[in-house]
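Trainee: Below you will find the structure I want to go over with you.
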Amino acid sequence: MDLYAALRAAIRAGEPVALATVIAGTAVAGKPAAAVGSKLLVRPDMPPLGSLGNAELDRIAARDTLAELEAARTGVRHYGPNGETTPEDLVGTPEVSVFIESWAPPPQMWIFGAVDFTGALAKVAKVLGYRVIVCDARETFATRRRFPMADEVIVSWPTPVFAERGHTLAARDAVCILTHDPKFDVPAVTAALKTAVGYIGVMGSRGTHATRMHRLNEVGINDQQELRRLMAPIGLDLGARTPEETAVSICAEIIACRSGRPARSLRDSAGPIHAG
Amino acid sequence: MKELLDDIDRWLAAGSRVAIARVVDIEGSGPREPGASMAVNEHGEVAGSVSGGCVEGAVVAEALAILQGDANARVISFGFSDDEAFAVGLTCGGTIRLFIEPLDW
């Protein structure tokens with residue numbers, strides 16, 4: 001059970017790994033169907049393990065599997081027995097269905113500001129599967145003891161954190177700026193806007209946000225298209241009162257932003273319940 | 001899958017054979033995403049889930065048939081819209097396809 005052992009080791013270590021499995025194969029005259037259950041295990045920067053039964057199919061499937069892994073997607077792809085992918089190539093040839101499973105590192109949530117809301121938000125984010133980083137420049141507040149649920153607590157100003165690892169942020173990640181202090185959130189917003197992060201939420205009243213926009217303008221951040229990325233004041237309009245309720249409204253907003261849904265009650269909408 | 005590893009390790013160490021079911025595809029409304037997985041050992045013990053409890057019983061029966069050599073690894077569908085769907089359905093009205101295979105790789 002070499003493949004399972006390698007898969008298990010990678011999953012346990014939290015390293016990216018993907019498994020391609022033939023789940024169905026159609027036979028045509030003279031050509032046997034691909035063996036159901038054959039597998040290819042793919043990890044970045046390592047040769048694939050196993051085989052789907054044909055070297056050319058292995059080459060194409062390994063390439064696609066790596067791409068799916070990078071996007072953290074899991075799903076089924078269809079090929080010809082030699083890895084054909086275009087519809088013309090597939091006419092009259094048997095079809096191989098390959099299930100590609102990705103185990104990608106979890107999405108990240110960076111929370112700036114070690115305030116009352118931070119612990120509640122970190123807790124809800126952990127339930128949703130995020131790797132949570134809490135960052136604040138004040139070392140009395142940014143402590144592991146106050147945020148035991150966070151994966152990492154960093155004592156720093158925002159700019160160096162973004163400089164060091166802003167490039168790891170992608171569409172499925174979130175940056176939540178809870179400081180509502182301009183000297184902290186202006187640099188955090190400025191740096192977050194330079195990343196590919198999918199969600200940027202900034203806490204503060206409507207008045208605080210107006211002041212913040214003014215300060216952002218002063219430091220030369222005035223591209224309206226870019227500023228549209230800011231979700232501020234942060235969260236959905238749920239009427240949340242406690243830090244915990246606010247955390248739910250923030251996480252609900254992140255989900256709604258990702259799916260592009262208007263976040264109404266299902267009772268008052270029509271169509272499929274789950275986003276595709 | 002990650003949440004299944006401890007149970008699978010324990011079962012394999014005890015000499016039990018194991019089958020794994022994964023959601024490979026959903027149509028319409030589905031309770032779990034592709035990749036949701038469930039493991040069944042030869043004694044019918046279960047780890048994980050592939051739906052909101054709607055189809056797990058049928059998955060155990062299919063997994064045991066595979067482990068006993070009465071069925072091969074294959075894709076099975078559950079849902080209202082599929083003519084070949086199993087008798088049990090999903091309460092949310094969607095269709096899910098599962099791949100069930102022995103863990104012998």
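Identifiers for the structure tokens are assigned positionally: chains receive A, B, ... in sequence, residues are indexed from 1 per chain, and ligands are indexed from 1 in the order shown.
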Using only C-alpha atoms, which protein or nucleic acid residues come within 7 Å of Ala170 in chain A? Drop anything in the same chain fewer than 3 positions from it, and give the result as a list of chain:residue names.
Mentor: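 So the residues in contact are A:Asp173, A:Ala196, A:Val197, A:Gly198.
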Trainee: Would you list which chain A residues are within 12 Å of chain B using only C-alpha atoms, as a ChimeraX atom specification?
Mentor: /A:1-15,18-25,35-41,49-51,72-77,97-104,271-276
Trainee: Restricted to N, CA and C atoms, what would the selected residues look like written as a compact mmCIF listing (two decimals), in the first residue's frame?
Mentor:
# COMPACT_ATOMS: atom_id res chain seq x y z
N MET A 1 0.85 -1.21 0.00
CA MET A 1 0.00 0.00 0.00
C MET A 1 0.88 1.25 0.00
N ASP A 2 1.78 1.35 -1.01
CA ASP A 2 2.72 2.47 -1.08
C ASP A 2 2.02 3.80 -1.33
N LEU A 3 1.00 3.77 -2.22
CA LEU A 3 0.32 5.02 -2.57
C LEU A 3 -0.42 5.57 -1.37
N TYR A 4 -1.13 4.70 -0.67
CA TYR A 4 -1.87 5.14 0.51
C TYR A 4 -0.91 5.68 1.56
N ALA A 5 0.21 4.99 1.75
CA ALA A 5 1.19 5.44 2.75
C ALA A 5 1.70 6.84 2.40
N ALA A 6 2.00 7.09 1.12
CA ALA A 6 2.50 8.41 0.71
C ALA A 6 1.41 9.47 0.86
N LEU A 7 0.19 9.09 0.52
CA LEU A 7 -0.94 10.03 0.62
C LEU A 7 -1.18 10.41 2.08
N ARG A 8 -1.21 9.38 2.93
CA ARG A 8 -1.46 9.60 4.35
C ARG A 8 -0.38 10.51 4.95
N ALA A 9 0.87 10.24 4.60
CA ALA A 9 1.98 11.03 5.14
C ALA A 9 1.83 12.50 4.73
N ALA A 10 1.49 12.73 3.47
CA ALA A 10 1.36 14.12 2.99
C ALA A 10 0.18 14.82 3.65
N ILE A 11 -0.95 14.12 3.76
CA ILE A 11 -2.13 14.74 4.39
C ILE A 11 -1.83 15.08 5.84
N ARG A 12 -1.20 14.13 6.54
CA ARG A 12 -0.89 14.37 7.97
C ARG A 12 0.07 15.55 8.14
N ALA A 13 1.03 15.68 7.20
CA ALA A 13 2.03 16.74 7.31
C ALA A 13 1.47 18.08 6.80
N GLY A 14 0.23 18.06 6.25
CA GLY A 14 -0.35 19.30 5.72
C GLY A 14 0.32 19.75 4.44
N GLU A 15 0.98 18.80 3.73
CA GLU A 15 1.64 19.16 2.48
C GLU A 15 0.67 18.95 1.32
N ALA A 18 -2.29 15.48 -4.40
CA ALA A 18 -3.53 15.18 -5.13
C ALA A 18 -3.48 13.75 -5.64
N LEU A 19 -4.64 13.14 -5.72
CA LEU A 19 -4.75 11.75 -6.14
C LEU A 19 -5.71 11.67 -7.32
N ALA A 20 -5.23 11.10 -8.44
CA ALA A 20 -6.09 10.88 -9.60
C ALA A 20 -6.44 9.40 -9.65
N THR A 21 -7.73 9.08 -9.74
CA THR A 21 -8.19 7.69 -9.73
C THR A 21 -9.11 7.46 -10.93
N VAL A 22 -8.87 6.39 -11.70
CA VAL A 22 -9.81 6.02 -12.76
C VAL A 22 -11.07 5.47 -12.09
N ILE A 23 -12.21 6.15 -12.31
CA ILE A 23 -13.45 5.69 -11.67
C ILE A 23 -14.38 5.01 -12.66
N ALA A 24 -14.14 5.19 -13.96
CA ALA A 24 -14.95 4.49 -14.96
C ALA A 24 -14.19 4.50 -16.27
N GLY A 25 -14.35 3.43 -17.03
CA GLY A 25 -13.71 3.36 -18.34
C GLY A 25 -14.64 2.62 -19.28
N ALA A 35 -8.32 0.29 -16.33
CA ALA A 35 -8.67 -0.43 -15.10
C ALA A 35 -9.21 0.53 -14.05
N VAL A 36 -10.44 0.28 -13.64
CA VAL A 36 -11.06 1.11 -12.60
C VAL A 36 -10.27 0.96 -11.31
N GLY A 37 -9.95 2.07 -10.67
CA GLY A 37 -9.20 2.03 -9.42
C GLY A 37 -7.73 2.35 -9.61
N SER A 38 -7.22 2.36 -10.87
CA SER A 38 -5.79 2.68 -11.01
C SER A 38 -5.55 4.14 -10.67
N LYS A 39 -4.36 4.41 -10.18
CA LYS A 39 -4.12 5.70 -9.51
C LYS A 39 -2.79 6.35 -9.85
N LEU A 40 -2.80 7.67 -9.72
CA LEU A 40 -1.59 8.46 -9.88
C LEU A 40 -1.58 9.47 -8.73
N LEU A 41 -0.52 9.44 -7.94
CA LEU A 41 -0.40 10.37 -6.81
C LEU A 41 0.56 11.49 -7.22
N LEU A 49 3.62 9.19 -8.48
CA LEU A 49 3.68 7.78 -8.10
C LEU A 49 2.50 7.06 -8.73
N GLY A 50 2.70 5.79 -9.14
CA GLY A 50 1.59 4.99 -9.67
C GLY A 50 1.39 5.24 -11.15
N SER A 51 0.29 4.71 -11.68
CA SER A 51 0.00 4.86 -13.11
C SER A 51 -1.47 4.61 -13.36
N ALA A 72 -6.87 24.10 -5.59
CA ALA A 72 -7.57 23.43 -4.49
C ALA A 72 -8.92 22.89 -4.92
N ARG A 73 -8.99 22.35 -6.15
CA ARG A 73 -10.27 21.82 -6.66
C ARG A 73 -10.28 20.30 -6.64
N THR A 74 -11.47 19.74 -6.46
CA THR A 74 -11.66 18.30 -6.52
C THR A 74 -12.81 18.04 -7.48
N GLY A 75 -12.62 17.11 -8.43
CA GLY A 75 -13.69 16.83 -9.38
C GLY A 75 -13.29 15.78 -10.40
N VAL A 76 -14.17 15.56 -11.38
CA VAL A 76 -13.97 14.50 -12.36
C VAL A 76 -13.55 15.10 -13.71
N ARG A 77 -12.57 14.47 -14.38
CA ARG A 77 -12.18 14.86 -15.74
C ARG A 77 -12.29 13.64 -16.65
N SER A 97 -12.88 8.11 -17.16
CA SER A 97 -13.25 9.14 -16.19
C SER A 97 -12.27 9.09 -15.04
N VAL A 98 -11.66 10.22 -14.75
CA VAL A 98 -10.63 10.28 -13.70
C VAL A 98 -11.11 11.24 -12.61
N PHE A 99 -11.15 10.74 -11.39
CA PHE A 99 -11.54 11.56 -10.23
C PHE A 99 -10.27 12.14 -9.63
N ILE A 100 -10.19 13.46 -9.60
CA ILE A 100 -9.00 14.13 -9.06
C ILE A 100 -9.36 14.74 -7.70
N GLU A 101 -8.68 14.27 -6.66
CA GLU A 101 -8.90 14.79 -5.31
C GLU A 101 -7.69 15.63 -4.91
N SER A 102 -7.97 16.85 -4.42
CA SER A 102 -6.89 17.73 -3.99
C SER A 102 -6.90 17.91 -2.49
N TRP A 103 -5.76 17.80 -1.90
CA TRP A 103 -5.61 18.19 -0.50
C TRP A 103 -4.63 19.36 -0.48
N ALA A 104 -5.21 20.57 -0.48
CA ALA A 104 -4.38 21.77 -0.52
C ALA A 104 -4.31 22.33 0.89
N GLY A 271 -34.11 29.15 -6.80
CA GLY A 271 -32.93 28.57 -7.44
C GLY A 271 -32.17 27.67 -6.50
N PRO A 272 -31.02 27.16 -6.98
CA PRO A 272 -30.27 26.17 -6.20
C PRO A 272 -29.77 26.73 -4.86
N ILE A 273 -29.80 25.93 -3.82
CA ILE A 273 -29.40 26.36 -2.49
C ILE A 273 -27.88 26.47 -2.38
N HIS A 274 -27.17 25.46 -2.88
CA HIS A 274 -25.71 25.45 -2.74
C HIS A 274 -25.06 26.08 -3.96
N ALA A 275 -23.99 26.86 -3.73
CA ALA A 275 -23.28 27.48 -4.86
C ALA A 275 -22.52 26.41 -5.63
N GLY A 276 -22.47 26.54 -6.96
CA GLY A 276 -21.80 25.54 -7.81
C GLY A 276 -20.31 25.67 -7.73
Trainee: Give me, as a PyMOL selection string, all polymer residues having an atom no more than 10 Å from Trp11 in chain B, counting only C-alpha atoms and skipping those fewer than 4 positions away in the same chain.
Mentor: chain B and resi 5-7+15-18+40-43+45
Trainee: Take the selection from the previous step and output its residues with N, CA, C and O atoms, as a PDB file, in the first residue's frame.
Mentor:
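Contents of the output file selection-v6.pdb:
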ATOM      1  N   LEU B   5      -8.186   9.163   8.861  1.00  0.00           N
ATOM      2  CA  LEU B   5      -6.900   8.455   8.879  1.00  0.00           C
ATOM      3  C   LEU B   5      -6.674   7.660  10.169  1.00  0.00           C
ATOM      4  O   LEU B   5      -6.188   6.523  10.114  1.00  0.00           O
ATOM      5  N   ASP B   6      -7.067   8.233  11.309  1.00  0.00           N
ATOM      6  CA  ASP B   6      -6.825   7.529  12.573  1.00  0.00           C
ATOM      7  C   ASP B   6      -7.616   6.223  12.640  1.00  0.00           C
ATOM      8  O   ASP B   6      -7.095   5.190  13.045  1.00  0.00           O
ATOM      9  N   ASP B   7      -8.897   6.289  12.232  1.00  0.00           N
ATOM     10  CA  ASP B   7      -9.721   5.075  12.247  1.00  0.00           C
ATOM     11  C   ASP B   7      -9.176   4.031  11.262  1.00  0.00           C
ATOM     12  O   ASP B   7      -9.091   2.851  11.576  1.00  0.00           O
ATOM     13  N   GLY B  15      -5.857  -5.716  11.326  1.00  0.00           N
ATOM     14  CA  GLY B  15      -5.974  -6.739  10.291  1.00  0.00           C
ATOM     15  C   GLY B  15      -7.277  -6.703   9.513  1.00  0.00           C
ATOM     16  O   GLY B  15      -7.573  -7.611   8.749  1.00  0.00           O
ATOM     17  N   SER B  16      -8.067  -5.632   9.704  1.00  0.00           N
ATOM     18  CA  SER B  16      -9.345  -5.543   8.991  1.00  0.00           C
ATOM     19  C   SER B  16      -9.129  -4.962   7.600  1.00  0.00           C
ATOM     20  O   SER B  16      -8.229  -4.151   7.395  1.00  0.00           O
ATOM     21  N   ARG B  17      -9.964  -5.386   6.663  1.00  0.00           N
ATOM     22  CA  ARG B  17      -9.923  -4.752   5.347  1.00  0.00           C
ATOM     23  C   ARG B  17     -10.867  -3.550   5.366  1.00  0.00           C
ATOM     24  O   ARG B  17     -11.786  -3.480   6.162  1.00  0.00           O
ATOM     25  N   VAL B  18     -10.582  -2.609   4.454  1.00  0.00           N
ATOM     26  CA  VAL B  18     -11.274  -1.320   4.501  1.00  0.00           C
ATOM     27  C   VAL B  18     -11.713  -0.927   3.090  1.00  0.00           C
ATOM     28  O   VAL B  18     -10.984  -1.159   2.121  1.00  0.00           O
ATOM     29  N   VAL B  40     -15.329   2.291   5.547  1.00  0.00           N
ATOM     30  CA  VAL B  40     -16.095   1.200   6.156  1.00  0.00           C
ATOM     31  C   VAL B  40     -15.157   0.013   6.306  1.00  0.00           C
ATOM     32  O   VAL B  40     -14.440  -0.319   5.356  1.00  0.00           O
ATOM     33  N   ASN B  41     -15.120  -0.608   7.488  1.00  0.00           N
ATOM     34  CA  ASN B  41     -14.279  -1.797   7.600  1.00  0.00           C
ATOM     35  C   ASN B  41     -15.113  -3.063   7.416  1.00  0.00           C
ATOM     36  O   ASN B  41     -16.347  -2.997   7.272  1.00  0.00           O
ATOM     37  N   GLU B  42     -14.455  -4.218   7.405  1.00  0.00           N
ATOM     38  CA  GLU B  42     -15.192  -5.444   7.059  1.00  0.00           C
ATOM     39  C   GLU B  42     -16.218  -5.845   8.110  1.00  0.00           C
ATOM     40  O   GLU B  42     -17.059  -6.697   7.856  1.00  0.00           O
ATOM     41  N   HIS B  43     -16.167  -5.205   9.285  1.00  0.00           N
ATOM     42  CA  HIS B  43     -17.180  -5.479  10.313  1.00  0.00           C
ATOM     43  C   HIS B  43     -18.334  -4.490  10.243  1.00  0.00           C
ATOM     44  O   HIS B  43     -19.208  -4.496  11.109  1.00  0.00           O
ATOM     45  N   GLU B  45     -18.048  -1.219  10.549  1.00  0.00           N
ATOM     46  CA  GLU B  45     -17.824   0.020  11.303  1.00  0.00           C
ATOM     47  C   GLU B  45     -17.531   1.159  10.326  1.00  0.00           C
ATOM     48  O   GLU B  45     -16.910   0.934   9.274  1.00  0.00           O
TER      49      GLU B  45
END
Trainee: Per DSSP on the backbone, filter range 184-230 of chain A down to the residues in helix (DSSP H, G or I) and report them as a PyMOL selection string.
Mentor: chain A and resi 184-193+206-218+224-227
Trainee: Quick check for you: according to DSSP on this backbone, which residues of range 3-101 of chain B are classed as strand (DSSP E)? Reply as an mmCIF file with N, CA and C atoms, in the first residue's frame.
Mentor:
data_model
loop_
_atom_site.group_PDB
_atom_site.id
_atom_site.type_symbol
_atom_site.label_atom_id
_atom_site.label_comp_id
_atom_site.auth_asym_id
_atom_site.auth_seq_id
_atom_site.Cartn_x
_atom_site.Cartn_y
_atom_site.Cartn_z
ATOM 1 N N VAL B 18 -10.582 -2.609 4.454
ATOM 2 C CA VAL B 18 -11.274 -1.320 4.501
ATOM 3 C C VAL B 18 -11.713 -0.927 3.090
ATOM 4 N N ALA B 19 -12.922 -0.377 2.987
ATOM 5 C CA ALA B 19 -13.369 0.224 1.723
ATOM 6 C C ALA B 19 -13.574 1.720 1.955
ATOM 7 N N ILE B 20 -13.347 2.500 0.886
ATOM 8 C CA ILE B 20 -13.492 3.953 0.985
ATOM 9 C C ILE B 20 -14.501 4.436 -0.056
ATOM 10 N N ALA B 21 -15.411 5.306 0.362
ATOM 11 C CA ALA B 21 -16.365 5.932 -0.560
ATOM 12 C C ALA B 21 -16.078 7.424 -0.576
ATOM 13 N N ARG B 22 -16.045 8.010 -1.793
ATOM 14 C CA ARG B 22 -15.864 9.462 -1.890
ATOM 15 C C ARG B 22 -16.942 10.054 -2.785
ATOM 16 N N VAL B 23 -17.423 11.229 -2.435
ATOM 17 C CA VAL B 23 -18.303 11.978 -3.329
ATOM 18 C C VAL B 23 -17.437 12.457 -4.497
ATOM 19 N N VAL B 24 -17.790 12.051 -5.738
ATOM 20 C CA VAL B 24 -16.993 12.505 -6.883
ATOM 21 C C VAL B 24 -17.694 13.629 -7.640
ATOM 22 N N ASP B 25 -19.004 13.741 -7.480
ATOM 23 C CA ASP B 25 -19.755 14.663 -8.315
ATOM 24 C C ASP B 25 -21.102 14.939 -7.658
ATOM 25 N N ILE B 26 -21.559 16.170 -7.724
ATOM 26 C CA ILE B 26 -22.915 16.448 -7.269
ATOM 27 C C ILE B 26 -23.638 17.246 -8.344
ATOM 28 N N GLU B 27 -24.933 17.052 -8.426
ATOM 29 C CA GLU B 27 -25.767 17.832 -9.352
ATOM 30 C C GLU B 27 -26.840 18.491 -8.530
ATOM 31 N N SER B 37 -15.636 12.087 2.255
ATOM 32 C CA SER B 37 -15.312 10.662 2.212
ATOM 33 C C SER B 37 -15.759 9.929 3.462
ATOM 34 N N MET B 38 -15.850 8.625 3.310
ATOM 35 C CA MET B 38 -16.334 7.762 4.370
ATOM 36 C C MET B 38 -15.602 6.436 4.209
ATOM 37 N N ALA B 39 -15.205 5.839 5.331
ATOM 38 C CA ALA B 39 -14.523 4.546 5.286
ATOM 39 C C ALA B 39 -15.364 3.527 6.042
ATOM 40 N N VAL B 40 -15.329 2.291 5.547
ATOM 41 C CA VAL B 40 -16.095 1.200 6.156
ATOM 42 C C VAL B 40 -15.157 0.013 6.306
ATOM 43 N N ASN B 41 -15.120 -0.608 7.488
ATOM 44 C CA ASN B 41 -14.279 -1.797 7.600
ATOM 45 C C ASN B 41 -15.113 -3.063 7.416
ATOM 46 N N VAL B 46 -17.944 2.353 10.706
ATOM 47 C CA VAL B 46 -17.929 3.488 9.783
ATOM 48 C C VAL B 46 -17.149 4.668 10.355
ATOM 49 N N ALA B 47 -16.428 5.375 9.498
ATOM 50 C CA ALA B 47 -15.819 6.663 9.873
ATOM 51 C C ALA B 47 -16.167 7.663 8.778
ATOM 52 N N GLY B 48 -16.474 8.892 9.156
ATOM 53 C CA GLY B 48 -16.760 9.938 8.173
ATOM 54 C C GLY B 48 -18.171 9.843 7.625
ATOM 55 N N ARG B 74 -16.777 0.738 -7.999
ATOM 56 C CA ARG B 74 -17.581 1.394 -9.029
ATOM 57 C C ARG B 74 -18.208 2.682 -8.522
ATOM 58 N N VAL B 75 -18.799 3.415 -9.493
ATOM 59 C CA VAL B 75 -19.514 4.644 -9.179
ATOM 60 C C VAL B 75 -20.982 4.298 -8.953
ATOM 61 N N ILE B 76 -21.559 4.786 -7.868
ATOM 62 C CA ILE B 76 -23.000 4.641 -7.679
ATOM 63 C C ILE B 76 -23.615 6.018 -7.445
ATOM 64 N N SER B 77 -24.880 6.150 -7.863
ATOM 65 C CA SER B 77 -25.563 7.441 -7.770
ATOM 66 C C SER B 77 -26.713 7.367 -6.792
ATOM 67 N N PHE B 78 -26.943 8.459 -6.125
ATOM 68 C CA PHE B 78 -28.107 8.589 -5.244
ATOM 69 C C PHE B 78 -28.803 9.891 -5.591
ATOM 70 N N GLY B 79 -30.125 9.823 -5.716
ATOM 71 C CA GLY B 79 -30.855 11.073 -5.950
ATOM 72 C C GLY B 79 -32.167 10.813 -6.642
ATOM 73 N N THR B 95 -28.548 15.160 -6.698
ATOM 74 C CA THR B 95 -28.002 13.845 -7.020
ATOM 75 C C THR B 95 -26.534 13.848 -6.633
ATOM 76 N N ILE B 96 -26.069 12.805 -5.963
ATOM 77 C CA ILE B 96 -24.634 12.689 -5.748
ATOM 78 C C ILE B 96 -24.138 11.386 -6.349
ATOM 79 N N ARG B 97 -22.930 11.431 -6.858
ATOM 80 C CA ARG B 97 -22.271 10.221 -7.334
ATOM 81 C C ARG B 97 -21.086 9.936 -6.419
ATOM 82 N N LEU B 98 -21.003 8.670 -6.024
ATOM 83 C CA LEU B 98 -19.928 8.239 -5.135
ATOM 84 C C LEU B 98 -19.089 7.194 -5.839
ATOM 85 N N PHE B 99 -17.792 7.208 -5.569
ATOM 86 C CA PHE B 99 -16.924 6.117 -6.022
ATOM 87 C C PHE B 99 -16.569 5.306 -4.787
ATOM 88 N N ILE B 100 -16.851 4.004 -4.856
ATOM 89 C CA ILE B 100 -16.553 3.130 -3.720
ATOM 90 C C ILE B 100 -15.536 2.089 -4.163
ATOM 91 N N GLU B 101 -14.461 1.947 -3.387
ATOM 92 C CA GLU B 101 -13.400 1.010 -3.766
ATOM 93 C C GLU B 101 -12.757 0.436 -2.510
#
Trainee: Can you measure CA of Val50 in chain B to CA of Pro107 in chain A for me? One decimal in Å is fine.
Mentor: 22.1 Å
Trainee: Name the closest residue to Leu121 in chain A among the candidates A:Gly83, A:Gly235, A:Gly53, A:Gly204; distances are taken between atoms, counting only C-alpha atoms.
Mentor: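 Selected residue with least distance to Leu121 in chain A: A:Gly235.
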Trainee: Mind pulling up the distance from CA of His78 in chain A to CA of Leu57 in chain A?
Mentor: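 Taking CA of Leu57 in chain A as the start and CA of His78 in chain A as the end point, the length is 10.7 Å.
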